[in-house]
file model33.cif (mmCIF, C-alpha atoms)
data_target
loop_
_atom_site.label_atom_id
_atom_site.label_comp_id
_atom_site.auth_asym_id
_atom_site.auth_seq_id
_atom_site.Cartn_x
_atom_site.Cartn_y
_atom_site.Cartn_z
CA MET A 18 -0.82 14.63 12.28
CA ASN A 19 -0.98 12.42 15.35
CA THR A 20 2.39 12.81 17.14
CA LYS A 21 1.21 10.47 19.91
CA LEU A 22 0.73 7.65 17.40
CA HIS A 23 4.26 8.05 16.04
CA ALA A 24 5.61 8.16 19.60
CA GLN A 25 3.80 4.89 20.38
CA HIS A 26 5.39 3.30 17.32
CA ARG A 27 8.86 4.42 18.40
CA LYS A 28 8.32 3.23 21.96
CA GLN A 29 7.19 -0.20 20.78
CA LEU A 30 10.11 -0.55 18.39
CA MET A 31 12.68 0.46 21.02
CA ARG A 32 11.15 -1.99 23.51
CA MET A 33 11.65 -4.76 20.96
CA MET A 34 15.22 -3.64 20.19
CA GLY A 35 16.32 -3.49 23.83
CA GLU A 36 19.13 -1.41 25.28
CA HIS A 37 22.68 -1.33 23.88
CA SER A 38 21.23 -0.98 20.39
CA ILE A 39 20.67 1.77 17.84
CA ALA A 40 18.27 2.11 14.90
CA ILE A 41 19.10 4.26 11.89
CA LEU A 42 16.56 5.12 9.19
CA PRO A 43 17.01 7.65 6.35
CA SER A 44 14.17 9.49 4.66
CA ALA A 45 13.13 8.89 1.07
CA PRO A 46 15.34 10.55 -1.55
CA VAL A 47 14.19 13.28 -3.90
CA LEU A 48 13.74 11.90 -7.43
CA LEU A 49 14.05 13.82 -10.67
CA ARG A 50 11.14 13.66 -13.10
CA ASN A 51 12.92 15.34 -15.99
CA ARG A 52 15.97 17.58 -16.12
CA ASP A 53 15.61 19.90 -13.10
CA VAL A 54 11.97 19.08 -12.31
CA GLU A 55 11.41 16.85 -9.30
CA HIS A 56 8.72 14.28 -8.68
CA SER A 57 6.34 15.27 -5.91
CA PHE A 58 8.03 14.12 -2.71
CA ARG A 59 6.49 11.24 -0.80
CA GLN A 60 8.12 10.27 2.47
CA ASP A 61 9.38 6.73 3.04
CA SER A 62 6.61 4.77 4.76
CA ASP A 63 8.80 3.38 7.55
CA PHE A 64 10.21 6.84 8.21
CA TYR A 65 6.75 8.43 8.36
CA TYR A 66 5.45 5.60 10.55
CA LEU A 67 8.03 6.45 13.21
CA SER A 68 8.15 10.23 12.93
CA GLY A 69 5.48 11.88 10.81
CA PHE A 70 8.31 14.11 9.56
CA PRO A 71 7.61 15.05 5.92
CA GLU A 72 10.94 16.37 4.63
CA PRO A 73 13.71 14.74 2.58
CA GLU A 74 17.37 14.76 3.58
CA SER A 75 16.57 13.65 7.11
CA VAL A 76 17.53 10.70 9.31
CA ILE A 77 15.91 9.07 12.35
CA VAL A 78 18.17 7.65 15.05
CA LEU A 79 16.71 5.73 18.00
CA VAL A 80 18.91 4.84 20.99
CA PRO A 81 16.91 2.98 23.67
CA GLY A 82 17.90 4.01 27.18
CA ARG A 83 19.99 7.04 26.16
CA LYS A 84 19.77 9.43 29.11
CA GLN A 85 20.03 12.58 27.01
CA GLY A 86 17.10 11.45 24.85
CA GLN A 87 16.26 8.35 22.84
CA TYR A 88 14.82 9.94 19.67
CA ILE A 89 17.18 11.98 17.51
CA LEU A 90 16.40 13.61 14.17
CA PHE A 91 18.92 14.91 11.66
CA VAL A 92 17.22 17.43 9.34
CA ARG A 93 17.91 20.25 6.92
CA GLU A 94 18.76 23.57 8.51
CA ARG A 95 16.54 26.60 8.09
CA ASP A 96 17.67 28.64 5.07
CA PRO A 97 15.68 31.78 4.19
CA LYS A 98 17.05 31.93 0.64
CA LYS A 99 16.28 28.27 -0.19
CA GLU A 100 12.92 28.47 1.57
CA THR A 101 11.97 31.39 -0.67
CA TRP A 102 12.47 29.17 -3.69
CA ASP A 103 11.48 25.70 -2.47
CA GLY A 104 9.22 26.13 0.56
CA ARG A 105 9.51 26.26 4.33
CA ARG A 106 11.65 23.94 6.38
CA TYR A 107 11.17 22.89 9.99
CA GLY A 108 14.84 22.89 10.89
CA PRO A 109 16.23 21.28 14.08
CA GLU A 110 14.10 23.52 16.29
CA GLY A 111 10.89 22.53 14.51
CA ALA A 112 11.86 18.86 14.65
CA VAL A 113 11.94 19.12 18.46
CA GLU A 114 8.97 21.43 18.96
CA GLN A 115 6.53 19.97 16.42
CA PHE A 116 7.65 16.36 15.95
CA GLY A 117 8.72 15.39 19.47
CA ALA A 118 12.42 14.74 18.84
CA ASP A 119 14.51 14.67 22.03
CA ASP A 120 17.45 16.07 20.07
CA ALA A 121 17.76 17.40 16.54
CA PHE A 122 20.84 18.29 14.54
CA PRO A 123 21.66 19.57 11.05
CA ILE A 124 21.91 16.74 8.53
CA SER A 125 25.39 18.02 7.61
CA ASP A 126 26.58 17.00 11.11
CA LEU A 127 25.49 13.36 10.75
CA GLU A 128 28.93 11.77 10.34
CA ASP A 129 30.33 13.87 13.17
CA ILE A 130 27.62 12.89 15.68
CA LEU A 131 26.46 9.41 14.68
CA PRO A 132 29.68 7.56 15.61
CA GLY A 133 29.35 8.83 19.19
CA LEU A 134 25.76 7.57 19.31
CA MET A 135 26.85 4.16 18.01
CA GLU A 136 29.89 3.81 20.24
CA HIS A 137 28.33 2.04 23.22
CA CYS A 138 25.89 -0.07 21.18
CA GLU A 139 26.19 -3.76 20.43
CA SER A 140 23.56 -3.99 17.69
CA VAL A 141 22.79 -1.63 14.80
CA TYR A 142 19.27 -1.94 13.38
CA TYR A 143 19.66 -0.76 9.82
CA THR A 144 18.55 -2.25 6.50
CA ILE A 145 21.56 -2.43 4.21
CA GLY A 146 21.08 -2.25 0.45
CA LEU A 147 17.91 -0.20 0.11
CA ASN A 148 19.80 3.09 -0.08
CA PRO A 149 23.37 2.49 -1.32
CA ASP A 150 24.30 6.16 -1.00
CA PHE A 151 23.29 6.25 2.65
CA ASP A 152 24.97 2.88 3.28
CA LYS A 153 28.25 4.73 2.71
CA HIS A 154 27.47 7.18 5.52
CA VAL A 155 26.75 4.36 7.95
CA MET A 156 29.91 2.48 6.96
CA ASN A 157 31.96 5.66 7.33
CA CYS A 158 30.68 5.99 10.90
CA VAL A 159 31.53 2.38 11.70
CA ASN A 160 35.00 2.74 10.21
CA ASN A 161 35.46 5.93 12.22
CA LEU A 162 34.93 3.87 15.37
CA ARG A 163 37.15 1.02 14.17
CA SER A 164 40.01 3.45 13.69
CA LYS A 165 39.84 4.22 17.42
CA VAL A 166 39.63 0.66 18.77
CA ARG A 167 43.14 0.78 20.24
CA GLY A 168 42.06 3.77 22.30
CA GLY A 169 39.30 1.70 23.92
CA THR A 170 36.46 2.66 21.60
CA HIS A 171 33.72 0.02 21.30
CA VAL A 172 32.42 -0.97 17.87
CA PRO A 173 28.94 -2.57 17.38
CA TYR A 174 29.37 -6.24 16.56
CA GLU A 175 26.19 -6.96 14.60
CA PHE A 176 23.91 -5.39 12.01
CA VAL A 177 20.24 -6.41 12.10
CA SER A 178 17.74 -5.58 9.36
CA LEU A 179 15.38 -2.94 10.75
CA ASP A 180 12.66 -4.37 8.51
CA TYR A 181 12.57 -7.52 10.62
CA LEU A 182 10.93 -5.73 13.55
CA LEU A 183 9.37 -2.71 11.90
CA HIS A 184 7.44 -4.46 9.17
CA ASP A 185 5.85 -6.91 11.55
CA MET A 186 4.74 -3.94 13.66
CA ARG A 187 3.20 -2.23 10.63
CA LEU A 188 1.13 -5.32 9.82
CA PHE A 189 -1.06 -4.70 12.87
CA LYS A 190 -3.00 -1.44 12.61
CA HIS A 191 -3.69 0.73 15.63
CA ARG A 192 -7.20 2.16 15.95
CA ASP A 193 -5.92 5.57 14.81
CA GLU A 194 -4.40 3.96 11.73
CA LEU A 195 -7.69 2.22 10.98
CA ARG A 196 -9.43 5.58 11.31
CA LYS A 197 -7.18 6.98 8.59
CA MET A 198 -7.77 3.93 6.41
CA ARG A 199 -11.54 4.31 6.76
CA LYS A 200 -11.16 7.93 5.66
CA ALA A 201 -9.04 6.91 2.66
CA ALA A 202 -11.63 4.26 1.75
CA LYS A 203 -14.54 6.68 2.15
CA ILE A 204 -12.92 9.18 -0.21
CA THR A 205 -12.19 6.35 -2.64
CA VAL A 206 -15.77 5.11 -2.56
CA LYS A 207 -17.05 8.58 -3.41
CA ALA A 208 -14.54 8.85 -6.25
CA HIS A 209 -15.68 5.56 -7.79
CA ILE A 210 -19.31 6.68 -7.52
CA ASP A 211 -18.41 9.95 -9.26
CA ALA A 212 -16.81 7.99 -12.10
CA MET A 213 -19.80 5.67 -12.47
CA LYS A 214 -22.20 8.61 -12.61
CA ALA A 215 -20.08 10.50 -15.13
CA CYS A 216 -19.39 7.62 -17.49
CA ARG A 217 -20.86 7.82 -21.00
CA PRO A 218 -19.95 6.19 -24.34
CA GLY A 219 -17.60 8.46 -26.26
CA MET A 220 -15.65 9.60 -23.21
CA TYR A 221 -11.97 8.81 -22.82
CA GLU A 222 -10.47 6.75 -20.03
CA TYR A 223 -8.50 9.74 -18.78
CA GLN A 224 -11.73 11.69 -18.30
CA LEU A 225 -12.90 9.12 -15.76
CA GLU A 226 -9.46 9.26 -14.16
CA ALA A 227 -9.95 13.02 -13.80
CA GLU A 228 -13.17 12.40 -11.83
CA LEU A 229 -11.19 10.23 -9.42
CA MET A 230 -8.37 12.72 -8.96
CA TYR A 231 -10.76 15.62 -8.43
CA ARG A 232 -12.49 13.79 -5.59
CA PHE A 233 -9.17 12.73 -4.04
CA HIS A 234 -7.65 16.20 -4.02
CA ARG A 235 -10.72 18.10 -2.91
CA ASN A 236 -10.80 15.87 0.19
CA GLY A 237 -7.17 16.44 1.17
CA ALA A 238 -5.97 13.15 -0.27
CA SER A 239 -3.77 12.03 -3.15
CA TRP A 240 -3.52 8.82 -5.15
CA ALA A 241 -2.11 5.73 -3.47
CA TYR A 242 -0.97 4.33 -6.84
CA PRO A 243 -1.49 5.24 -10.51
CA SER A 244 -5.14 4.64 -11.34
CA ILE A 245 -6.15 1.88 -13.74
CA VAL A 246 -9.01 2.89 -16.03
CA GLY A 247 -9.36 0.22 -18.70
CA GLY A 248 -12.25 -0.01 -21.13
CA GLY A 249 -13.05 -2.98 -23.36
CA ALA A 250 -9.92 -5.01 -24.16
CA ASN A 251 -7.93 -2.89 -21.72
CA SER A 252 -9.95 -4.33 -18.83
CA CYS A 253 -8.05 -7.58 -19.40
CA ILE A 254 -4.65 -5.95 -18.78
CA LEU A 255 -4.05 -6.24 -15.04
CA HIS A 256 -1.79 -3.20 -14.60
CA TYR A 257 -2.99 -1.06 -17.50
CA THR A 258 -2.22 2.62 -16.79
CA GLU A 259 -2.12 4.39 -20.16
CA ASN A 260 -5.76 5.47 -19.65
CA ASP A 261 -5.90 7.14 -23.08
CA GLN A 262 -8.45 5.13 -25.09
CA LEU A 263 -12.04 5.82 -26.10
CA LEU A 264 -14.81 4.22 -24.03
CA ASN A 265 -17.12 2.42 -26.42
CA ASP A 266 -20.83 1.67 -26.14
CA GLY A 267 -21.34 -1.95 -25.10
CA ASP A 268 -17.98 -2.36 -23.38
CA LEU A 269 -17.11 -2.71 -19.71
CA VAL A 270 -14.69 -0.37 -17.97
CA LEU A 271 -12.56 -1.55 -15.05
CA ILE A 272 -11.38 1.08 -12.56
CA ASP A 273 -8.77 0.17 -9.96
CA ALA A 274 -8.06 3.30 -7.94
CA GLY A 275 -7.41 4.28 -4.34
CA ALA A 276 -6.84 7.43 -2.34
CA GLU A 277 -3.97 7.95 0.09
CA TYR A 278 -4.91 9.91 3.19
CA ASP A 279 -2.25 11.02 5.70
CA GLY A 280 0.06 8.25 4.53
CA TYR A 281 -2.51 5.41 4.45
CA ALA A 282 -3.87 3.79 1.30
CA ALA A 283 -7.15 2.52 -0.01
CA ASP A 284 -7.30 0.08 -2.93
CA VAL A 285 -10.68 -0.48 -4.58
CA THR A 286 -11.77 -1.90 -7.94
CA ARG A 287 -15.10 -1.82 -9.68
CA THR A 288 -16.11 -2.94 -13.15
CA PHE A 289 -19.19 -1.49 -14.83
CA PRO A 290 -20.77 -1.06 -18.29
CA VAL A 291 -19.84 2.11 -20.16
CA ASN A 292 -23.49 2.63 -21.17
CA GLY A 293 -24.90 1.70 -17.76
CA CYS A 294 -26.40 -1.67 -18.72
CA PHE A 295 -24.71 -5.08 -18.48
CA THR A 296 -25.07 -7.45 -21.42
CA ALA A 297 -26.01 -11.04 -20.64
CA ALA A 298 -22.42 -12.23 -21.15
CA GLN A 299 -20.99 -9.42 -19.01
CA ARG A 300 -23.47 -10.18 -16.26
CA GLU A 301 -22.51 -13.88 -16.27
CA VAL A 302 -18.86 -13.11 -15.65
CA TYR A 303 -19.54 -10.28 -13.20
CA GLU A 304 -21.91 -12.27 -11.01
CA LEU A 305 -19.46 -15.17 -10.87
CA VAL A 306 -16.65 -12.85 -9.72
CA LEU A 307 -18.98 -11.27 -7.15
CA GLU A 308 -19.92 -14.71 -5.80
CA ALA A 309 -16.20 -15.50 -5.47
CA GLN A 310 -15.54 -12.25 -3.64
CA GLN A 311 -18.38 -12.85 -1.20
CA ALA A 312 -17.05 -16.34 -0.47
CA ALA A 313 -13.55 -14.96 0.06
CA ILE A 314 -14.67 -12.15 2.38
CA LYS A 315 -16.47 -14.69 4.58
CA LYS A 316 -13.09 -16.34 5.20
CA VAL A 317 -11.54 -13.12 6.55
CA VAL A 318 -11.88 -13.95 10.24
CA PRO A 319 -9.34 -14.38 13.07
CA GLY A 320 -7.78 -17.83 13.13
CA ASN A 321 -8.14 -18.54 9.43
CA HIS A 322 -5.04 -18.70 7.30
CA TRP A 323 -4.01 -15.95 4.90
CA ASN A 324 -4.61 -18.33 2.01
CA ASP A 325 -8.16 -19.31 2.98
CA PRO A 326 -9.88 -16.40 1.14
CA HIS A 327 -7.90 -17.17 -2.01
CA GLN A 328 -8.81 -20.84 -1.92
CA ALA A 329 -12.48 -19.97 -1.43
CA ALA A 330 -12.42 -17.63 -4.43
CA VAL A 331 -10.63 -20.16 -6.63
CA ARG A 332 -13.19 -22.86 -5.82
CA VAL A 333 -16.13 -20.61 -6.72
CA LEU A 334 -14.49 -19.29 -9.89
CA THR A 335 -13.43 -22.70 -11.16
CA LYS A 336 -16.83 -24.28 -10.49
CA GLY A 337 -18.56 -21.34 -12.15
CA MET A 338 -16.31 -21.44 -15.22
CA VAL A 339 -17.12 -25.13 -15.66
CA GLU A 340 -20.84 -24.36 -15.43
CA LEU A 341 -20.50 -21.56 -18.00
CA GLY A 342 -18.42 -23.73 -20.34
CA MET A 343 -15.23 -21.66 -20.07
CA LEU A 344 -13.41 -24.68 -18.60
CA LYS A 345 -14.06 -28.39 -18.98
CA GLY A 346 -13.27 -31.15 -16.51
CA ASP A 347 -13.43 -32.05 -12.85
CA VAL A 348 -13.35 -28.97 -10.63
CA ARG A 349 -10.91 -30.42 -8.10
CA LYS A 350 -8.50 -31.57 -10.81
CA LEU A 351 -8.72 -28.23 -12.60
CA ILE A 352 -7.79 -26.49 -9.36
CA ARG A 353 -5.01 -28.95 -8.63
CA ASP A 354 -3.59 -28.45 -12.15
CA ASN A 355 -3.92 -24.66 -11.90
CA LYS A 356 -6.10 -24.54 -15.03
CA TYR A 357 -8.17 -21.66 -13.67
CA SER A 358 -5.13 -19.38 -14.05
CA LYS A 359 -5.85 -19.11 -17.77
CA PHE A 360 -8.54 -16.61 -16.78
CA TYR A 361 -7.57 -15.82 -13.16
CA MET A 362 -3.84 -15.36 -12.85
CA HIS A 363 -3.35 -13.34 -9.65
CA ARG A 364 -3.97 -13.89 -5.98
CA THR A 365 -7.12 -12.77 -4.20
CA GLY A 366 -5.51 -10.05 -2.11
CA HIS A 367 -2.55 -8.47 -0.38
CA TRP A 368 -1.78 -6.60 2.82
CA LEU A 369 -2.87 -2.96 2.82
CA GLY A 370 -1.65 -0.04 4.91
CA MET A 371 0.83 2.76 4.34
CA ASP A 372 1.87 1.02 1.14
CA VAL A 373 -0.79 -0.22 -1.21
CA HIS A 374 1.07 -3.57 -1.27
CA ASP A 375 1.91 -3.29 2.37
CA VAL A 376 4.71 -4.91 4.33
CA GLY A 377 4.38 -8.05 6.42
CA ASP A 378 5.17 -11.72 5.87
CA TYR A 379 2.51 -13.93 4.30
CA LYS A 380 4.10 -17.07 5.69
CA VAL A 381 5.67 -17.84 9.06
CA ASP A 382 7.92 -20.91 9.30
CA ASP A 383 6.74 -21.91 5.80
CA GLU A 384 3.09 -21.95 6.91
CA TRP A 385 0.43 -19.47 5.77
CA ARG A 386 0.07 -16.79 8.40
CA LEU A 387 -2.97 -16.80 10.68
CA LEU A 388 -5.25 -13.80 10.37
CA GLU A 389 -5.37 -11.62 13.50
CA LYS A 390 -7.18 -8.52 14.67
CA GLY A 391 -5.71 -5.35 13.18
CA MET A 392 -4.57 -6.83 9.88
CA VAL A 393 -5.98 -5.20 6.75
CA MET A 394 -6.12 -6.85 3.35
CA THR A 395 -7.71 -6.49 -0.04
CA VAL A 396 -10.13 -9.08 -1.42
CA GLU A 397 -10.05 -8.87 -5.22
CA PRO A 398 -10.94 -11.89 -7.35
CA GLY A 399 -11.29 -11.41 -11.09
CA LEU A 400 -11.75 -13.05 -14.46
CA TYR A 401 -10.11 -11.85 -17.68
CA VAL A 402 -10.98 -13.10 -21.16
CA PRO A 403 -8.92 -11.33 -23.84
CA ALA A 404 -9.98 -11.73 -27.48
CA GLY A 405 -8.51 -14.65 -29.37
CA ILE A 406 -8.88 -17.44 -26.81
CA ARG A 407 -10.66 -20.32 -28.52
CA GLY A 408 -13.97 -21.63 -27.21
CA VAL A 409 -14.91 -18.54 -25.18
CA LYS A 410 -15.74 -15.99 -27.87
CA ARG A 411 -18.97 -15.06 -26.06
CA TRP A 412 -16.86 -13.42 -23.33
CA TRP A 413 -14.02 -11.90 -25.39
CA ASN A 414 -12.66 -8.60 -24.04
CA ILE A 415 -14.55 -8.97 -20.78
CA GLY A 416 -12.31 -8.30 -17.79
CA VAL A 417 -13.93 -8.11 -14.36
CA ARG A 418 -12.31 -7.46 -10.99
CA ILE A 419 -14.16 -6.54 -7.79
CA GLU A 420 -11.97 -5.36 -4.92
CA ASP A 421 -12.69 -4.14 -1.41
CA ASP A 422 -10.57 -3.32 1.63
CA VAL A 423 -11.23 -5.59 4.62
CA ALA A 424 -9.94 -5.29 8.19
CA VAL A 425 -9.78 -8.28 10.51
CA THR A 426 -11.68 -7.60 13.74
CA SER A 427 -11.79 -9.50 17.04
CA ASP A 428 -14.71 -11.65 15.88
CA GLY A 429 -14.89 -11.26 12.11
CA HIS A 430 -14.17 -8.51 9.63
CA GLU A 431 -15.03 -4.94 8.65
CA ILE A 432 -15.35 -3.87 5.01
CA LEU A 433 -13.66 -0.46 5.04
CA SER A 434 -14.84 0.34 1.50
CA LYS A 435 -18.52 -0.23 2.28
CA GLY A 436 -21.09 1.90 0.52
CA LEU A 437 -19.90 1.31 -3.03
CA PRO A 438 -22.35 -0.64 -5.23
CA ARG A 439 -21.26 -4.20 -5.89
CA THR A 440 -24.15 -6.02 -7.58
CA CYS A 441 -25.13 -5.54 -11.21
CA ASP A 442 -28.54 -4.16 -10.23
CA GLU A 443 -27.00 -1.67 -7.77
CA ILE A 444 -24.53 -0.43 -10.37
CA GLU A 445 -27.18 -0.07 -13.09
CA ALA A 446 -29.49 1.81 -10.68
CA LEU A 447 -26.70 4.22 -9.71
CA MET A 448 -25.72 4.91 -13.33
CA ALA A 449 -29.34 5.47 -14.35
CA GLY A 450 -29.98 7.93 -11.51
#
call {"tool": "encode", "arguments": {"input": "model33.cif", "output": "structure tokens"}}
result
Amino acid sequence: MNTKLHAQHRKQLMRMMGEHSIAILPSAPVLLRNRDVEHSFRQDSDFYYLSGFPEPESVIVLVPGRKQGQYILFVRERDPKKETWDGRRYGPEGAVEQFGADDAFPISDLEDILPGLMEHCESVYYTIGLNPDFDKHVMNCVNNLRSKVRGGTHVPYEFVSLDYLLHDMRLFKHRDELRKMRKAAKITVKAHIDAMKACRPGMYEYQLEAELMYRFHRNGASWAYPSIVGGGANSCILHYTENDQLLNDGDLVLIDAGAEYDGYAADVTRTFPVNGCFTAAQREVYELVLEAQQAAIKKVVPGNHWNDPHQAAVRVLTKGMVELGMLKGDVRKLIRDNKYSKFYMHRTGHWLGMDVHDVGDYKVDDEWRLLEKGMVMTVEPGLYVPAGIRGVKRWWNIGVRIEDDVAVTSDGHEILSKGLPRTCDEIEALMAG
């Protein structure tokens, strides 16, 4: 854990907030899986971005310019009995000593202490509506102050969504964040290679998923999202996650899987033949998607618009589908009429960071955002031809997506997920080895 990085994030946020303001951010809640069994806890990304603190039932409060300390954490108290059952807690002392809090208090004292922290503030940076239960705590504190107005108590006069500042900050990755994302991508690349090498006709999709998870966990990572392992017809289902079907000889299998390392995600997709050899029809679709991805990646440079990679991919895919006979007509008109979406129905990428579909606006003042150094995005064109579509029987049940993670640099781009075979020949050579 890099406490300096979290401190830099807090300092930047408080500089943008200015004095006479306060930011309040609760941790993620604990969620039940079934009855009294909990889902594995994953901290809220915004909360982790500012603190690195991994426990539930905690709250960050930032008060720029507060003389007694600007960074306050409310956390669970130490409790030997509960820690025996559920694991160790840091407590207020650990929050100060290990996570750099200026002050730390028991979470049970929140409504007693928070009104005093809010009293001399004009603006409250807090995102209302994401956590209705915690909204009540914040409103209770405000009403506590309002009840004392006649005694000269000051009440903040505006609420500002914390997301407005924080999510724009998260869009631009610090070098230490990029280091974590490279690590996540490296683990992911190795996991995809493991799956390619292990794949044989007669296996089940979940057996390939197990190869991915084994590589993730043995490298100190987890999954960034539920893995997609779709063979045959399942490769044409964009968010297929059942992963329970047999992998048949002659089919393709599409794997969309990414590791999460220290809170940062990778997101990588490869499509390859179950038996290690592409058929002619599979190769036609795959090489067209690869050409589209290469064209899109070339557009990931500072000064281009967010939409430029997508437009490049759409042009290549539409032209190629006309040449193959999957579409008929003038390429420009087909694009203008959105006819390509019959086989390519999603966009070519999304922001990537702590969340696999990371925060950050795609448009500013109704214009596509300009790409800048430090942004990270996926580039993932695809083509999907489910059985039953007339006139394209040659390609039925062929779904191909090729996805890599790309960071914008000062003069171009860096493919974070480099090292994973992309061409048909590279994939066949790896699977034959």
call {"tool": "resolve_selection", "arguments": {"input": "model33.cif", "expression": "the PyMOL selection byres ((chain A and resi 197) around 9)", "output": "JSON, numbers by chain"}}
result
{"A": [192, 193, 194, 195, 196, 198, 199, 200, 201, 202, 278, 279, 280, 281, 282]}
call {"tool": "atom_distance", "arguments": {"input": "model33.cif", "atom1": "CA of Asp273 (chain A)", "atom2": "CA of Ala298 (chain A)"}}
result
21.6 Å
call {"tool": "resolve_selection", "arguments": {"input": "model33.cif", "expression": "the PyMOL selection byres ((chain A and resi 173-177) around 12)", "output": "ChimeraX atom specification"}}
result
/A:34,37-41,132-145,155-156,158-163,166,170-172,178-183
call {"tool": "closest_atom_pairs", "arguments": {"input": "model33.cif", "of": "region 345-428 of chain A", "to": "region 256-259 of chain A", "cutoff": "12 Å", "atoms": "all atoms listed in the file", "output": "JSON lines"}}
result
{"residue": "A:His363", "atom": "CA", "partner": "A:His256", "partner_atom": "CA", "distance": 11.4}
{"residue": "A:Gly416", "atom": "CA", "partner": "A:Tyr257", "partner_atom": "CA", "distance": 11.8}
{"residue": "A:Arg418", "atom": "CA", "partner": "A:His256", "partner_atom": "CA", "distance": 11.9}
call {"tool": "residues_around", "arguments": {"input": "model33.cif", "residues": "region 111-116 of chain A", "least_positions_apart": "4", "cutoff": "8 Å", "atoms": "only C-alpha atoms", "output": "ChimeraX atom specification"}}
result
/A:20,68-70,90,92,107,120-121
call {"tool": "resolve_selection", "arguments": {"input": "model33.cif", "expression": "the PyMOL selection byres ((chain A and resi 286-289) around 8)", "output": "PyMOL selection string"}}
result
chain A and resi 209+213+269-274+284-285+290-291+293+295+397+417-421+439+444
call {"tool": "closest_residue", "arguments": {"input": "model33.cif", "among": "A:Asp268, A:Lys410, A:Val318, A:Val396", "to": "Ala330 (chain A)", "atoms": "only C-alpha atoms"}}
result
A:Val396
call {"tool": "closest_residue", "arguments": {"input": "model33.cif", "among": "A:Val376, A:Met371, A:Leu147, A:Ala424", "to": "Leu388 (chain A)", "atoms": "all atoms listed in the file"}}
result
A:Ala424
call {"tool": "atom_distance", "arguments": {"input": "model33.cif", "atom1": "CA of Ser358 (chain A)", "atom2": "CA of Val381 (chain A)"}}
result
25.6 Å
call {"tool": "residues_around", "arguments": {"input": "model33.cif", "residues": "Ala276 (chain A)", "least_positions_apart": "6", "cutoff": "9 Å", "atoms": "all atoms listed in the file", "output": "PyMOL selection string"}}
result
chain A and resi 201-205+208+229-230+233-234+238-242+282-284
call {"tool": "atom_distance", "arguments": {"input": "model33.cif", "atom1": "CA of Gly337 (chain A)", "atom2": "CA of Gln299 (chain A)"}}
result
14.0 Å
call {"tool": "decode", "arguments": {"input": "model33.cif", "residues": "region 66-102 of chain A", "atoms": "C-alpha atoms", "output": "PDB file, in the first residue's frame"}}
result
ATOM      1  CA  TYR A  66      -8.501   6.130  -3.742  1.00  0.00           C
ATOM      2  CA  LEU A  67      -8.393   8.655  -0.902  1.00  0.00           C
ATOM      3  CA  SER A  68      -7.405   6.430   2.006  1.00  0.00           C
ATOM      4  CA  GLY A  69      -6.286   2.904   1.182  1.00  0.00           C
ATOM      5  CA  PHE A  70      -8.340   1.885   4.227  1.00  0.00           C
ATOM      6  CA  PRO A  71      -9.804  -1.594   3.611  1.00  0.00           C
ATOM      7  CA  GLU A  72     -12.526  -1.953   6.243  1.00  0.00           C
ATOM      8  CA  PRO A  73     -16.307  -1.485   6.079  1.00  0.00           C
ATOM      9  CA  GLU A  74     -18.270   0.694   8.491  1.00  0.00           C
ATOM     10  CA  SER A  75     -15.878   3.594   8.070  1.00  0.00           C
ATOM     11  CA  VAL A  76     -16.152   7.209   6.922  1.00  0.00           C
ATOM     12  CA  ILE A  77     -13.649   9.703   5.497  1.00  0.00           C
ATOM     13  CA  VAL A  78     -14.041  13.363   6.415  1.00  0.00           C
ATOM     14  CA  LEU A  79     -11.802  16.016   4.838  1.00  0.00           C
ATOM     15  CA  VAL A  80     -11.789  19.578   6.198  1.00  0.00           C
ATOM     16  CA  PRO A  81      -9.311  21.783   4.289  1.00  0.00           C
ATOM     17  CA  GLY A  82      -7.493  24.206   6.560  1.00  0.00           C
ATOM     18  CA  ARG A  83      -8.613  22.631   9.850  1.00  0.00           C
ATOM     19  CA  LYS A  84      -5.824  23.423  12.318  1.00  0.00           C
ATOM     20  CA  GLN A  85      -6.285  20.256  14.359  1.00  0.00           C
ATOM     21  CA  GLY A  86      -5.917  18.108  11.226  1.00  0.00           C
ATOM     22  CA  GLN A  87      -7.599  17.991   7.829  1.00  0.00           C
ATOM     23  CA  TYR A  88      -8.034  14.211   7.405  1.00  0.00           C
ATOM     24  CA  ILE A  89     -10.374  12.430   9.803  1.00  0.00           C
ATOM     25  CA  LEU A  90     -11.363   8.763   9.748  1.00  0.00           C
ATOM     26  CA  PHE A  91     -14.287   7.193  11.577  1.00  0.00           C
ATOM     27  CA  VAL A  92     -13.696   3.443  11.930  1.00  0.00           C
ATOM     28  CA  ARG A  93     -14.763   0.384  13.887  1.00  0.00           C
ATOM     29  CA  GLU A  94     -13.278   0.090  17.346  1.00  0.00           C
ATOM     30  CA  ARG A  95     -10.971  -2.756  18.286  1.00  0.00           C
ATOM     31  CA  ASP A  96     -12.980  -5.652  19.738  1.00  0.00           C
ATOM     32  CA  PRO A  97     -11.084  -8.803  20.771  1.00  0.00           C
ATOM     33  CA  LYS A  98     -14.215 -10.966  20.782  1.00  0.00           C
ATOM     34  CA  LYS A  99     -15.389  -9.893  17.297  1.00  0.00           C
ATOM     35  CA  GLU A 100     -11.844 -10.026  15.939  1.00  0.00           C
ATOM     36  CA  THR A 101     -11.603 -13.649  17.062  1.00  0.00           C
ATOM     37  CA  TRP A 102     -14.579 -14.469  14.869  1.00  0.00           C
TER      38      TRP A 102
END
